[in-house]
Amino acid sequence: MVKRITRRHLLSNGIKTGLGLVVLKNIGIAPRSVLAVSQESKSSERFSAAFQRLDEFIARHMNELGAPGMTVAIADRNGLVRESQYGFSDLKSQVKVKSETLFEIGSISKSFVGLTILQLAEEGKLDLHKPVSAYLPWLKVESKFKPFTTHHLLSHTAGLSAVPLLMRVAATTLRTASEPGTRFVYSNIGYVLLGFIIEEVDKRPFAESLQKRVIDKLGMSSSAATITNSIRERMAVGYGPLHDDRPFPFKGTLAEAPWLEVAEAAGSVAATGRDMGAYLQMLLNRGAGPRGRIISEKSFELFTQPVIKAPFRGEEATYGYGLWNSSVDGHTLLRHTGGMVAFSSSMFADTTAGLGVFASVNARMSGYRPVAVTKYALDLLNAATNGRALPAAPPPPNPPDRIQNASDYAGTFTAPDGSKLVLVAEDQRLFLEVEKRRIALELAGRDRFIVKDPHFSLFVLGFGRDKEAVVEAFHGPNWWANARYSGPKSFEYPKEWEAFTGHYRCESPWYGSTRVFVRKGQLFLQGEQALVHVTGNEFRPEGDNPDRIVFDTRVNGKTMHMNYSGLDFYRTFTP
């Protein structure tokens, strides 16, 4: 049970005043909080009620998620206003998150890269609109479009792949799928290339450049430009799904994730909440840090310019040079999130109000990012600043088995071999009937469900529609249709494709495993990604996508190796 944290609780547990800090002791799940003394009386008076609301929400939010630990930093134009820590940095040893605990901030690192690139441009070492090939002559690019530039890489408009991360770009031929500057396609590969460009023009390793030009200049003394073994003992232990080869259910079981060094510019920074307060302060002061400007006012305009429309988690927004930019209720927001193998982060900076929030959780849970925390914190702070009533906390999420349109999916679906799939809807819940048992389904996205049963655990159960009516169901290679389905029920495909089907695993924890199978005469990756045959053993993802998938090394009628745009996957003989 979560205690309600009141000012009396905090006072009775002791407040220690030291050099420039007020420290509130950790009380169970309550936060360990630090406020800057120079702003203590002002912040306590203006934000104390907001902080209490925020702490109560975070305690509830973490319990709802099953999150192990969290760090949160709040800053204004004068600097850090508050940092707070929650939960555990190490569940096994029950070590709590501390002020000095490092968290991987993921793709929020991209804005650090953007700042470094703009510094180099200011110094005349780099032309943002010169083809990247001028700086990286070794780069192999196959394209029918004009060359892409540093500007295109910064804004995710180069037309490159959206593959999560690619460490071996130097040994791989990249492909572009669209004219540079015309489409936003979030591409980590693009930022990996920016790291190489920084090394080339700054004549030193990327990590040193980022450290000296941004991190040290901002006084982020505990943070690191790259994630290496040398900082591991200061890092929170990261957690991820116990099973990395299947859909992750609501509040699924977490396990300690594999340790991974990360030196690529797409997401390499590890930071404390306190240090991220300094970073937020710089953003709120438009490039001016406590030790001087990071970039000029003119360069900050470039840094945050709206280059191309790019929704931020479903909201209307634009992307600049490493940050999303949007206008919400007359306020300009700079935002980004970050996802790593075992960390999830979010950063919001309201440059109109001069307030910013950073939050990071030491776990990866499907597509989760702590956006609810940063957004609610900013809403609370803005309300307190303007003397308005504090907003209520976001409502708890609906139970995952609460499905408002459950009746859409009810009925009997039949496979080509005559086997049946029977679904029953009752009281906004959807059940799969299996051998006189009823299994409640959990919502996992539009027309997608998780079935907590060993026979259905490897894939989501999905449904297809025709004119908004549900007409078919699928689960991995299996397919069923109901009475409303009017399409073909038998499908032909080259029998040599059977050699490609099976379970493949990549040695990198970024990618885990994937399963290849045939459904409705088409080859699929892990249930959702349909593949289009190019030639021979080569395929590409369906849609406007430059990636290529090649199968090779056949043994006993099965291919042993799959290469996905430079990533190696090898057959494993587990189901």
# chains A, B, ... in the order shown; residues from 1 in each chain; ligands from 1
>>> residues_around(residues="range 279-284 of chain A", least_positions_apart="2", cutoff="9 Å", atoms="only C-alpha atoms", output="CSV table (one decimal) with all heavy atoms, in the first residue's frame")
chain,number,residue,atom,x,y,z
A,73,ALA,N,14.0,15.4,-12.7
A,73,ALA,CA,14.6,16.7,-12.5
A,73,ALA,C,13.7,17.8,-13.0
A,73,ALA,O,13.1,17.6,-14.1
A,73,ALA,CB,16.0,16.8,-13.2
A,74,ILE,N,13.6,18.9,-12.3
A,74,ILE,CA,12.8,20.0,-12.7
A,74,ILE,C,13.7,21.2,-12.6
A,74,ILE,O,14.5,21.4,-11.7
A,74,ILE,CB,11.6,20.2,-11.7
A,74,ILE,CG1,10.6,19.0,-11.8
A,74,ILE,CG2,10.9,21.5,-12.0
A,74,ILE,CD1,9.6,19.0,-10.8
A,75,ALA,N,13.7,22.1,-13.7
A,75,ALA,CA,14.5,23.2,-13.8
A,75,ALA,C,13.8,24.4,-14.3
A,75,ALA,O,12.7,24.3,-15.0
A,75,ALA,CB,15.7,22.9,-14.7
A,76,ASP,N,14.3,25.6,-14.0
A,76,ASP,CA,13.8,26.8,-14.6
A,76,ASP,C,15.0,27.6,-15.2
A,76,ASP,O,16.1,27.0,-15.3
A,76,ASP,CB,13.0,27.7,-13.6
A,76,ASP,CG,13.8,28.2,-12.5
A,76,ASP,OD1,15.0,28.1,-12.5
A,76,ASP,OD2,13.1,28.7,-11.5
A,77,ARG,N,14.8,28.8,-15.6
A,77,ARG,CA,15.9,29.5,-16.2
A,77,ARG,C,17.1,29.8,-15.3
A,77,ARG,O,18.2,30.1,-15.7
A,77,ARG,CB,15.4,30.8,-16.9
A,77,ARG,CG,14.5,30.6,-18.1
A,77,ARG,CD,14.2,31.9,-18.8
A,77,ARG,NE,13.3,31.6,-20.0
A,77,ARG,CZ,12.0,31.8,-20.0
A,77,ARG,NH1,11.4,32.3,-18.9
A,77,ARG,NH2,11.3,31.5,-21.0
A,78,ASN,N,16.8,29.7,-14.0
A,78,ASN,CA,17.9,30.0,-13.0
A,78,ASN,C,18.6,28.7,-12.6
A,78,ASN,O,19.6,28.8,-11.9
A,78,ASN,CB,17.3,30.6,-11.7
A,78,ASN,CG,16.7,32.0,-12.0
A,78,ASN,OD1,17.3,32.8,-12.6
A,78,ASN,ND2,15.5,32.2,-11.5
A,79,GLY,N,18.2,27.6,-13.0
A,79,GLY,CA,18.8,26.3,-12.7
A,79,GLY,C,17.9,25.3,-12.2
A,79,GLY,O,16.7,25.3,-12.3
A,80,LEU,N,18.5,24.3,-11.5
A,80,LEU,CA,17.8,23.2,-10.9
A,80,LEU,C,16.8,23.7,-9.8
A,80,LEU,O,17.2,24.4,-8.9
A,80,LEU,CB,18.7,22.1,-10.3
A,80,LEU,CG,18.1,20.9,-9.8
A,80,LEU,CD1,17.6,20.0,-10.9
A,80,LEU,CD2,19.2,20.1,-9.0
A,215,ILE,N,28.8,18.5,-22.5
A,215,ILE,CA,28.6,18.0,-21.1
A,215,ILE,C,29.5,18.8,-20.1
A,215,ILE,O,29.0,19.3,-19.1
A,215,ILE,CB,28.9,16.5,-21.1
A,215,ILE,CG1,27.9,15.8,-21.9
A,215,ILE,CG2,29.0,16.0,-19.7
A,215,ILE,CD1,28.1,14.3,-22.1
A,218,LEU,N,28.5,22.5,-19.7
A,218,LEU,CA,27.3,22.7,-18.9
A,218,LEU,C,27.5,22.4,-17.4
A,218,LEU,O,26.6,22.4,-16.6
A,218,LEU,CB,26.1,21.9,-19.5
A,218,LEU,CG,25.5,22.5,-20.8
A,218,LEU,CD1,24.5,21.5,-21.3
A,218,LEU,CD2,24.9,23.8,-20.6
A,220,MET,N,28.0,19.4,-16.3
A,220,MET,CA,27.3,18.1,-16.0
A,220,MET,C,28.4,17.1,-15.6
A,220,MET,O,28.7,16.1,-16.3
A,220,MET,CB,26.6,17.6,-17.3
A,220,MET,CG,25.5,18.5,-17.7
A,220,MET,SD,24.7,18.1,-19.3
A,220,MET,CE,23.9,16.6,-18.9
A,275,ASP,N,22.2,16.6,-13.4
A,275,ASP,CA,22.9,17.1,-14.6
A,275,ASP,C,21.9,17.5,-15.6
A,275,ASP,O,22.1,18.4,-16.4
A,275,ASP,CB,23.9,16.1,-15.1
A,275,ASP,CG,25.2,16.1,-14.3
A,275,ASP,OD1,25.3,16.9,-13.4
A,275,ASP,OD2,26.1,15.2,-14.6
A,276,MET,N,20.8,16.7,-15.8
A,276,MET,CA,19.8,17.0,-16.8
A,276,MET,C,19.1,18.3,-16.4
A,276,MET,O,18.6,19.0,-17.3
A,276,MET,CB,18.8,15.9,-16.9
A,276,MET,CG,19.4,14.6,-17.6
A,276,MET,SD,20.2,15.0,-19.3
A,276,MET,CE,18.7,15.5,-20.2
A,277,GLY,N,19.1,18.7,-15.1
A,277,GLY,CA,18.6,20.0,-14.8
A,277,GLY,C,19.4,21.1,-15.4
A,277,GLY,O,18.8,22.1,-15.9
A,286,ARG,N,17.9,29.3,-24.1
A,286,ARG,CA,18.1,29.4,-25.6
A,286,ARG,C,19.6,29.3,-25.9
A,286,ARG,O,20.2,30.1,-26.7
A,286,ARG,CB,17.5,30.7,-26.2
A,286,ARG,CG,16.0,30.8,-26.0
A,286,ARG,CD,15.5,32.1,-26.6
A,286,ARG,NE,15.8,32.2,-28.0
A,286,ARG,CZ,15.1,31.6,-29.0
A,286,ARG,NH1,14.1,30.8,-28.7
A,286,ARG,NH2,15.4,31.7,-30.3
A,287,GLY,N,20.3,28.3,-25.3
A,287,GLY,CA,21.6,28.0,-25.7
A,287,GLY,C,22.7,28.6,-24.7
A,287,GLY,O,23.9,28.3,-24.9
A,288,ALA,N,22.2,29.3,-23.7
A,288,ALA,CA,23.1,29.9,-22.7
A,288,ALA,C,23.2,29.0,-21.5
A,288,ALA,O,22.2,28.7,-20.8
A,288,ALA,CB,22.7,31.3,-22.3
A,289,GLY,N,24.4,28.5,-21.1
A,289,GLY,CA,24.5,27.7,-20.0
A,289,GLY,C,25.1,28.5,-18.8
A,289,GLY,O,25.5,29.6,-19.0
A,290,PRO,N,25.2,27.9,-17.6
A,290,PRO,CA,25.7,28.6,-16.5
A,290,PRO,C,27.2,29.0,-16.6
A,290,PRO,O,27.7,29.9,-15.9
A,290,PRO,CB,25.6,27.6,-15.3
A,290,PRO,CG,25.5,26.2,-16.0
A,290,PRO,CD,24.8,26.5,-17.3
A,293,ARG,N,27.7,30.5,-23.2
A,293,ARG,CA,26.8,30.0,-24.3
A,293,ARG,C,27.4,28.7,-24.8
A,293,ARG,O,28.6,28.6,-25.0
A,293,ARG,CB,26.6,31.0,-25.4
A,293,ARG,CG,25.9,32.3,-25.0
A,293,ARG,CD,25.3,33.0,-26.2
A,293,ARG,NE,24.2,32.2,-26.8
A,293,ARG,CZ,22.9,32.3,-26.5
A,293,ARG,NH1,22.6,33.2,-25.5
A,293,ARG,NH2,22.0,31.5,-27.0
A,294,ILE,N,26.5,27.8,-25.1
A,294,ILE,CA,26.8,26.5,-25.8
A,294,ILE,C,26.9,26.8,-27.3
A,294,ILE,O,27.8,26.4,-28.0
A,294,ILE,CB,25.9,25.4,-25.5
A,294,ILE,CG1,25.9,25.1,-24.0
A,294,ILE,CG2,26.2,24.1,-26.2
A,294,ILE,CD1,27.2,24.6,-23.5
A,300,PHE,N,20.9,28.7,-32.1
A,300,PHE,CA,19.8,28.1,-31.3
A,300,PHE,C,18.5,28.1,-32.2
A,300,PHE,O,17.6,27.2,-32.1
A,300,PHE,CB,19.6,28.8,-30.0
A,300,PHE,CG,18.6,28.1,-29.1
A,300,PHE,CD1,19.1,27.0,-28.3
A,300,PHE,CD2,17.3,28.4,-29.0
A,300,PHE,CE1,18.2,26.3,-27.4
A,300,PHE,CE2,16.4,27.7,-28.2
A,300,PHE,CZ,16.9,26.7,-27.4
A,334,LEU,N,9.7,22.2,-26.3
A,334,LEU,CA,10.8,21.4,-26.9
A,334,LEU,C,10.8,20.0,-26.2
A,334,LEU,O,10.8,20.0,-25.0
A,334,LEU,CB,12.2,22.0,-26.8
A,334,LEU,CG,12.3,23.4,-27.3
A,334,LEU,CD1,13.7,24.0,-27.0
A,334,LEU,CD2,12.0,23.5,-28.8
A,347,MET,N,11.8,14.1,-21.9
A,347,MET,CA,12.2,15.5,-21.5
A,347,MET,C,11.2,16.5,-22.2
A,347,MET,O,11.0,16.4,-23.4
A,347,MET,CB,13.6,15.7,-22.0
A,347,MET,CG,14.2,17.1,-21.7
A,347,MET,SD,15.8,17.3,-22.3
A,347,MET,CE,15.5,17.5,-24.1
A,348,PHE,N,10.7,17.4,-21.4
A,348,PHE,CA,9.8,18.5,-21.8
A,348,PHE,C,10.5,19.8,-21.4
A,348,PHE,O,10.8,20.0,-20.2
A,348,PHE,CB,8.4,18.4,-21.2
A,348,PHE,CG,7.5,17.4,-21.9
A,348,PHE,CD1,7.9,16.2,-22.4
A,348,PHE,CD2,6.2,17.7,-22.0
A,348,PHE,CE1,7.1,15.3,-23.0
A,348,PHE,CE2,5.3,16.9,-22.6
A,348,PHE,CZ,5.7,15.7,-23.1
A,349,ALA,N,10.6,20.8,-22.3
A,349,ALA,CA,11.1,22.1,-21.9
A,349,ALA,C,10.1,23.1,-22.5
A,349,ALA,O,9.9,23.2,-23.7
A,349,ALA,CB,12.5,22.4,-22.5
A,350,ASP,N,9.4,23.8,-21.6
A,350,ASP,CA,8.5,24.9,-22.0
A,350,ASP,C,9.2,26.2,-22.0
A,350,ASP,O,9.5,26.8,-21.0
A,350,ASP,CB,7.3,24.9,-21.0
A,350,ASP,CG,6.3,25.9,-21.3
A,350,ASP,OD1,6.5,26.9,-22.1
A,350,ASP,OD2,5.1,25.8,-20.8
A,351,THR,N,9.6,26.6,-23.2
A,351,THR,CA,10.5,27.8,-23.3
A,351,THR,C,9.7,29.1,-23.1
A,351,THR,O,10.3,30.1,-22.9
A,351,THR,CB,11.2,27.8,-24.7
A,351,THR,OG1,10.2,27.8,-25.8
A,351,THR,CG2,12.1,26.6,-24.9
A,352,THR,N,8.4,29.0,-23.2
A,352,THR,CA,7.5,30.2,-22.9
A,352,THR,C,7.4,30.4,-21.5
A,352,THR,O,7.6,31.6,-21.0
A,352,THR,CB,6.1,30.0,-23.5
A,352,THR,OG1,6.2,29.7,-24.9
A,352,THR,CG2,5.2,31.2,-23.3
A,353,ALA,N,7.2,29.4,-20.7
A,353,ALA,CA,7.1,29.5,-19.2
A,353,ALA,C,8.4,29.5,-18.5
A,353,ALA,O,8.5,29.9,-17.4
A,353,ALA,CB,6.2,28.4,-18.7
A,354,GLY,N,9.4,29.0,-19.2
A,354,GLY,CA,10.7,28.9,-18.6
A,354,GLY,C,10.8,27.7,-17.6
A,354,GLY,O,11.5,27.9,-16.6
A,355,LEU,N,10.2,26.6,-17.9
A,355,LEU,CA,10.1,25.5,-17.0
A,355,LEU,C,10.4,24.2,-17.8
A,355,LEU,O,10.0,24.1,-18.9
A,355,LEU,CB,8.8,25.3,-16.3
A,355,LEU,CG,8.4,26.5,-15.3
A,355,LEU,CD1,6.9,26.4,-15.0
A,355,LEU,CD2,9.2,26.3,-14.0
A,356,GLY,N,11.2,23.3,-17.2
A,356,GLY,CA,11.5,22.0,-17.9
A,356,GLY,C,11.5,20.9,-16.9
A,356,GLY,O,11.8,21.0,-15.7
A,357,VAL,N,11.2,19.7,-17.5
A,357,VAL,CA,11.2,18.4,-16.7
A,357,VAL,C,11.9,17.3,-17.5
A,357,VAL,O,11.7,17.2,-18.7
A,357,VAL,CB,9.7,18.0,-16.4
A,357,VAL,CG1,9.7,16.8,-15.4
A,357,VAL,CG2,8.9,19.2,-15.8
A,358,PHE,N,12.6,16.5,-16.7
A,358,PHE,CA,13.2,15.3,-17.3
A,358,PHE,C,12.9,14.1,-16.4
A,358,PHE,O,12.9,14.3,-15.1
A,358,PHE,CB,14.8,15.4,-17.4
A,358,PHE,CG,15.5,14.1,-17.5
A,358,PHE,CD1,15.6,13.6,-18.8
A,358,PHE,CD2,16.1,13.5,-16.5
A,358,PHE,CE1,16.3,12.4,-19.0
A,358,PHE,CE2,16.7,12.3,-16.6
A,358,PHE,CZ,16.9,11.7,-17.9
>>> closest_residue(among="A:Thr374, A:Ser221, A:Thr172, A:Asn382", to="Asn563 in chain A", atoms="only C-alpha atoms")
A:Thr172
>>> select_by_dssp(residues="range 268-387 of chain A", states="strand (DSSP E or B)", output="number ranges by chain")
A: 270-271, 288-289, 292-293, 308-309, 312, 315, 318-319, 324-328, 331-339, 344-350, 355-361, 363
>>> write_last_selection(atoms="C-alpha atoms", output="CSV table (one decimal), in the first residue's frame")
chain,number,residue,atom,x,y,z
A,270,ALA,CA,24.3,8.6,-19.5
A,271,ALA,CA,23.3,11.3,-17.0
A,288,ALA,CA,23.1,29.9,-22.7
A,289,GLY,CA,24.5,27.7,-20.0
A,292,GLY,CA,28.6,30.6,-21.0
A,293,ARG,CA,26.8,30.0,-24.3
A,308,ILE,CA,9.4,19.2,-41.2
A,309,LYS,CA,6.1,18.1,-39.7
A,312,PHE,CA,5.1,13.7,-31.3
A,315,GLU,CA,0.3,15.2,-31.2
A,318,THR,CA,7.6,19.5,-36.1
A,319,TYR,CA,11.2,18.2,-35.8
A,324,TRP,CA,10.5,18.0,-31.4
A,325,ASN,CA,9.0,21.5,-31.4
A,326,SER,CA,5.3,22.2,-30.9
A,327,SER,CA,2.9,24.9,-29.7
A,328,VAL,CA,0.5,23.8,-27.0
A,331,HIS,CA,3.4,27.7,-25.1
A,332,THR,CA,6.4,26.5,-27.2
A,333,LEU,CA,7.5,23.0,-26.1
A,334,LEU,CA,10.8,21.4,-26.9
A,335,ARG,CA,10.5,17.6,-26.4
A,336,HIS,CA,12.2,14.3,-26.9
A,337,THR,CA,12.0,10.8,-25.5
A,338,GLY,CA,14.6,8.0,-25.3
A,339,GLY,CA,14.4,4.3,-25.3
A,344,SER,CA,13.0,4.8,-20.9
A,345,SER,CA,13.2,8.6,-20.7
A,346,SER,CA,11.3,11.8,-21.5
A,347,MET,CA,12.2,15.5,-21.5
A,348,PHE,CA,9.8,18.5,-21.8
A,349,ALA,CA,11.1,22.1,-21.9
A,350,ASP,CA,8.5,24.9,-22.0
A,355,LEU,CA,10.1,25.5,-17.0
A,356,GLY,CA,11.5,22.0,-17.9
A,357,VAL,CA,11.2,18.4,-16.7
A,358,PHE,CA,13.2,15.3,-17.3
A,359,ALA,CA,12.3,11.8,-16.2
A,360,SER,CA,14.0,8.4,-16.7
A,361,VAL,CA,13.0,4.8,-15.6
A,363,ALA,CA,13.3,-0.4,-17.5
>>> select_by_dssp(residues="range 240-382 of chain A", states="helix (DSSP H, G or I)", output="MDAnalysis selection string")
chainID A and resid 273:284 297:304 371:382
>>> write_last_selection(atoms="N, CA and C atoms", output="JSON list (two decimals), in the first residue's frame")
[["chain", "number", "residue", "atom", "x", "y", "z"],
["A", 273, "GLY", "N", 19.85, 12.92, -12.85],
["A", 273, "GLY", "CA", 18.78, 13.90, -12.90],
["A", 273, "GLY", "C", 19.30, 15.31, -12.67],
["A", 274, "ARG", "N", 20.21, 15.47, -11.71],
["A", 274, "ARG", "CA", 20.78, 16.79, -11.40],
["A", 274, "ARG", "C", 21.43, 17.38, -12.65],
["A", 275, "ASP", "N", 22.23, 16.59, -13.36],
["A", 275, "ASP", "CA", 22.90, 17.10, -14.55],
["A", 275, "ASP", "C", 21.89, 17.45, -15.65],
["A", 276, "MET", "N", 20.83, 16.69, -15.76],
["A", 276, "MET", "CA", 19.82, 17.01, -16.77],
["A", 276, "MET", "C", 19.10, 18.31, -16.42],
["A", 277, "GLY", "N", 19.10, 18.68, -15.15],
["A", 277, "GLY", "CA", 18.57, 19.99, -14.77],
["A", 277, "GLY", "C", 19.39, 21.10, -15.41],
["A", 278, "ALA", "N", 20.71, 20.93, -15.46],
["A", 278, "ALA", "CA", 21.58, 21.91, -16.11],
["A", 278, "ALA", "C", 21.31, 21.96, -17.61],
["A", 279, "TYR", "N", 21.03, 20.80, -18.20],
["A", 279, "TYR", "CA", 20.73, 20.75, -19.64],
["A", 279, "TYR", "C", 19.42, 21.47, -19.93],
["A", 280, "LEU", "N", 18.41, 21.23, -19.09],
["A", 280, "LEU", "CA", 17.13, 21.91, -19.26],
["A", 280, "LEU", "C", 17.30, 23.43, -19.12],
["A", 281, "GLN", "N", 18.10, 23.86, -18.15],
["A", 281, "GLN", "CA", 18.35, 25.29, -17.96],
["A", 281, "GLN", "C", 18.91, 25.91, -19.23],
["A", 282, "MET", "N", 19.84, 25.23, -19.89],
["A", 282, "MET", "CA", 20.41, 25.73, -21.14],
["A", 282, "MET", "C", 19.34, 25.86, -22.22],
["A", 283, "LEU", "N", 18.46, 24.86, -22.33],
["A", 283, "LEU", "CA", 17.40, 24.93, -23.34],
["A", 283, "LEU", "C", 16.47, 26.11, -23.05],
["A", 284, "LEU", "N", 16.14, 26.31, -21.78],
["A", 284, "LEU", "CA", 15.22, 27.39, -21.42],
["A", 284, "LEU", "C", 15.84, 28.76, -21.62],
["A", 297, "GLU", "N", 22.75, 32.60, -30.28],
["A", 297, "GLU", "CA", 21.30, 32.76, -30.43],
["A", 297, "GLU", "C", 20.86, 32.36, -31.84],
["A", 298, "LYS", "N", 21.65, 32.75, -32.84],
["A", 298, "LYS", "CA", 21.32, 32.40, -34.22],
["A", 298, "LYS", "C", 21.33, 30.89, -34.42],
["A", 299, "SER", "N", 22.32, 30.22, -33.85],
["A", 299, "SER", "CA", 22.39, 28.76, -33.98],
["A", 299, "SER", "C", 21.27, 28.08, -33.20],
["A", 300, "PHE", "N", 20.87, 28.67, -32.08],
["A", 300, "PHE", "CA", 19.75, 28.08, -31.33],
["A", 300, "PHE", "C", 18.47, 28.14, -32.16],
["A", 301, "GLU", "N", 18.31, 29.21, -32.93],
["A", 301, "GLU", "CA", 17.16, 29.29, -33.84],
["A", 301, "GLU", "C", 17.19, 28.14, -34.83],
["A", 302, "LEU", "N", 18.39, 27.86, -35.37],
["A", 302, "LEU", "CA", 18.53, 26.72, -36.28],
["A", 302, "LEU", "C", 18.25, 25.41, -35.57],
["A", 303, "PHE", "N", 18.74, 25.29, -34.35],
["A", 303, "PHE", "CA", 18.61, 24.07, -33.54],
["A", 303, "PHE", "C", 17.13, 23.71, -33.35],
["A", 304, "THR", "N", 16.30, 24.71, -33.12],
["A", 304, "THR", "CA", 14.88, 24.46, -32.79],
["A", 304, "THR", "C", 13.93, 24.79, -33.94],
["A", 371, "VAL", "N", 6.34, 9.85, -20.42],
["A", 371, "VAL", "CA", 5.76, 11.10, -20.90],
["A", 371, "VAL", "C", 4.66, 11.59, -19.96],
["A", 372, "ALA", "N", 3.89, 10.66, -19.39],
["A", 372, "ALA", "CA", 2.82, 11.07, -18.47],
["A", 372, "ALA", "C", 3.40, 11.84, -17.28],
["A", 373, "VAL", "N", 4.60, 11.46, -16.84],
["A", 373, "VAL", "CA", 5.23, 12.13, -15.70],
["A", 373, "VAL", "C", 5.69, 13.52, -16.09],
["A", 374, "THR", "N", 6.43, 13.65, -17.20],
["A", 374, "THR", "CA", 6.94, 14.97, -17.59],
["A", 374, "THR", "C", 5.81, 15.92, -17.95],
["A", 375, "LYS", "N", 4.79, 15.41, -18.62],
["A", 375, "LYS", "CA", 3.66, 16.26, -19.01],
["A", 375, "LYS", "C", 2.88, 16.74, -17.78],
["A", 376, "TYR", "N", 2.58, 15.82, -16.87],
["A", 376, "TYR", "CA", 1.82, 16.22, -15.69],
["A", 376, "TYR", "C", 2.63, 17.16, -14.81],
["A", 377, "ALA", "N", 3.93, 16.91, -14.67],
["A", 377, "ALA", "CA", 4.78, 17.81, -13.88],
["A", 377, "ALA", "C", 4.74, 19.22, -14.45],
["A", 378, "LEU", "N", 4.84, 19.34, -15.77],
["A", 378, "LEU", "CA", 4.82, 20.66, -16.40],
["A", 378, "LEU", "C", 3.46, 21.33, -16.22],
["A", 379, "ASP", "N", 2.39, 20.56, -16.34],
["A", 379, "ASP", "CA", 1.05, 21.11, -16.12],
["A", 379, "ASP", "C", 0.90, 21.63, -14.68],
["A", 380, "LEU", "N", 1.41, 20.86, -13.72],
["A", 380, "LEU", "CA", 1.35, 21.28, -12.32],
["A", 380, "LEU", "C", 2.14, 22.57, -12.10],
["A", 381, "LEU", "N", 3.35, 22.63, -12.63],
["A", 381, "LEU", "CA", 4.21, 23.78, -12.43],
["A", 381, "LEU", "C", 3.62, 25.03, -13.06],
["A", 382, "ASN", "N", 3.07, 24.90, -14.26],
["A", 382, "ASN", "CA", 2.46, 26.05, -14.92],
["A", 382, "ASN", "C", 1.24, 26.56, -14.15]]
>>> residues_around(residues="range 196-209 of chain A", least_positions_apart="4", cutoff="7 Å", atoms="only C-alpha atoms", output="list in words")
Ile117, Lys125, Leu126, Tyr135, Leu136, Val192, Arg213, Ala225 and Thr226 of chain A
>>> residues_around(residues="Gly69 in chain A", least_positions_apart="5", cutoff="12 Å", atoms="only C-alpha atoms", output="number ranges by chain")
A: 29-32, 58-59, 61-63, 84-91, 94-98, 101-103, 235-239, 342-345, 359-364, 370
>>> closest_residue(among="A:Gln522, A:Ser513, A:Asn556, A:Thr71", to="Glu492 in chain A", atoms="only C-alpha atoms")
A:Gln522
>>> residues_around(residues="Arg183 in chain A", least_positions_apart="3", cutoff="10 Å", atoms="only C-alpha atoms", output="ChimeraX atom specification")
/A:152,155-159,177-180,186,308-310
>>> closest_residue(among="A:Arg540, A:Arg484, A:Arg429, A:His455", to="Thr412 in chain A", atoms="only C-alpha atoms")
A:Arg484
>>> decode(residues="range 192-200 of chain A", atoms="N, CA, C and O atoms", output="PDB file, in the first residue's frame")
ATOM      1  N   VAL A 192      23.977   7.992 -36.164  1.00  0.00           N
ATOM      2  CA  VAL A 192      25.253   7.276 -36.123  1.00  0.00           C
ATOM      3  C   VAL A 192      26.226   7.932 -37.102  1.00  0.00           C
ATOM      4  O   VAL A 192      27.407   8.172 -36.784  1.00  0.00           O
ATOM      5  N   LEU A 193      25.740   8.279 -38.282  1.00  0.00           N
ATOM      6  CA  LEU A 193      26.576   8.959 -39.271  1.00  0.00           C
ATOM      7  C   LEU A 193      27.031  10.324 -38.767  1.00  0.00           C
ATOM      8  O   LEU A 193      28.169  10.740 -39.011  1.00  0.00           O
ATOM      9  N   LEU A 194      26.154  11.038 -38.058  1.00  0.00           N
ATOM     10  CA  LEU A 194      26.546  12.343 -37.517  1.00  0.00           C
ATOM     11  C   LEU A 194      27.713  12.215 -36.544  1.00  0.00           C
ATOM     12  O   LEU A 194      28.581  13.088 -36.477  1.00  0.00           O
ATOM     13  N   GLY A 195      27.739  11.108 -35.793  1.00  0.00           N
ATOM     14  CA  GLY A 195      28.878  10.869 -34.912  1.00  0.00           C
ATOM     15  C   GLY A 195      30.172  10.735 -35.687  1.00  0.00           C
ATOM     16  O   GLY A 195      31.225  11.268 -35.287  1.00  0.00           O
ATOM     17  N   PHE A 196      30.123  10.035 -36.830  1.00  0.00           N
ATOM     18  CA  PHE A 196      31.310   9.906 -37.669  1.00  0.00           C
ATOM     19  C   PHE A 196      31.721  11.257 -38.251  1.00  0.00           C
ATOM     20  O   PHE A 196      32.914  11.564 -38.378  1.00  0.00           O
ATOM     21  N   ILE A 197      30.724  12.079 -38.625  1.00  0.00           N
ATOM     22  CA  ILE A 197      31.031  13.406 -39.174  1.00  0.00           C
ATOM     23  C   ILE A 197      31.726  14.264 -38.119  1.00  0.00           C
ATOM     24  O   ILE A 197      32.698  14.972 -38.410  1.00  0.00           O
ATOM     25  N   ILE A 198      31.234  14.209 -36.888  1.00  0.00           N
ATOM     26  CA  ILE A 198      31.854  14.971 -35.795  1.00  0.00           C
ATOM     27  C   ILE A 198      33.318  14.562 -35.636  1.00  0.00           C
ATOM     28  O   ILE A 198      34.214  15.411 -35.517  1.00  0.00           O
ATOM     29  N   GLU A 199      33.583  13.260 -35.648  1.00  0.00           N
ATOM     30  CA  GLU A 199      34.967  12.795 -35.525  1.00  0.00           C
ATOM     31  C   GLU A 199      35.827  13.299 -36.679  1.00  0.00           C
ATOM     32  O   GLU A 199      36.982  13.698 -36.481  1.00  0.00           O
ATOM     33  N   GLU A 200      35.265  13.287 -37.868  1.00  0.00           N
ATOM     34  CA  GLU A 200      36.028  13.679 -39.047  1.00  0.00           C
ATOM     35  C   GLU A 200      36.393  15.163 -39.013  1.00  0.00           C
ATOM     36  O   GLU A 200      37.552  15.532 -39.274  1.00  0.00           O
TER      37      GLU A 200
END
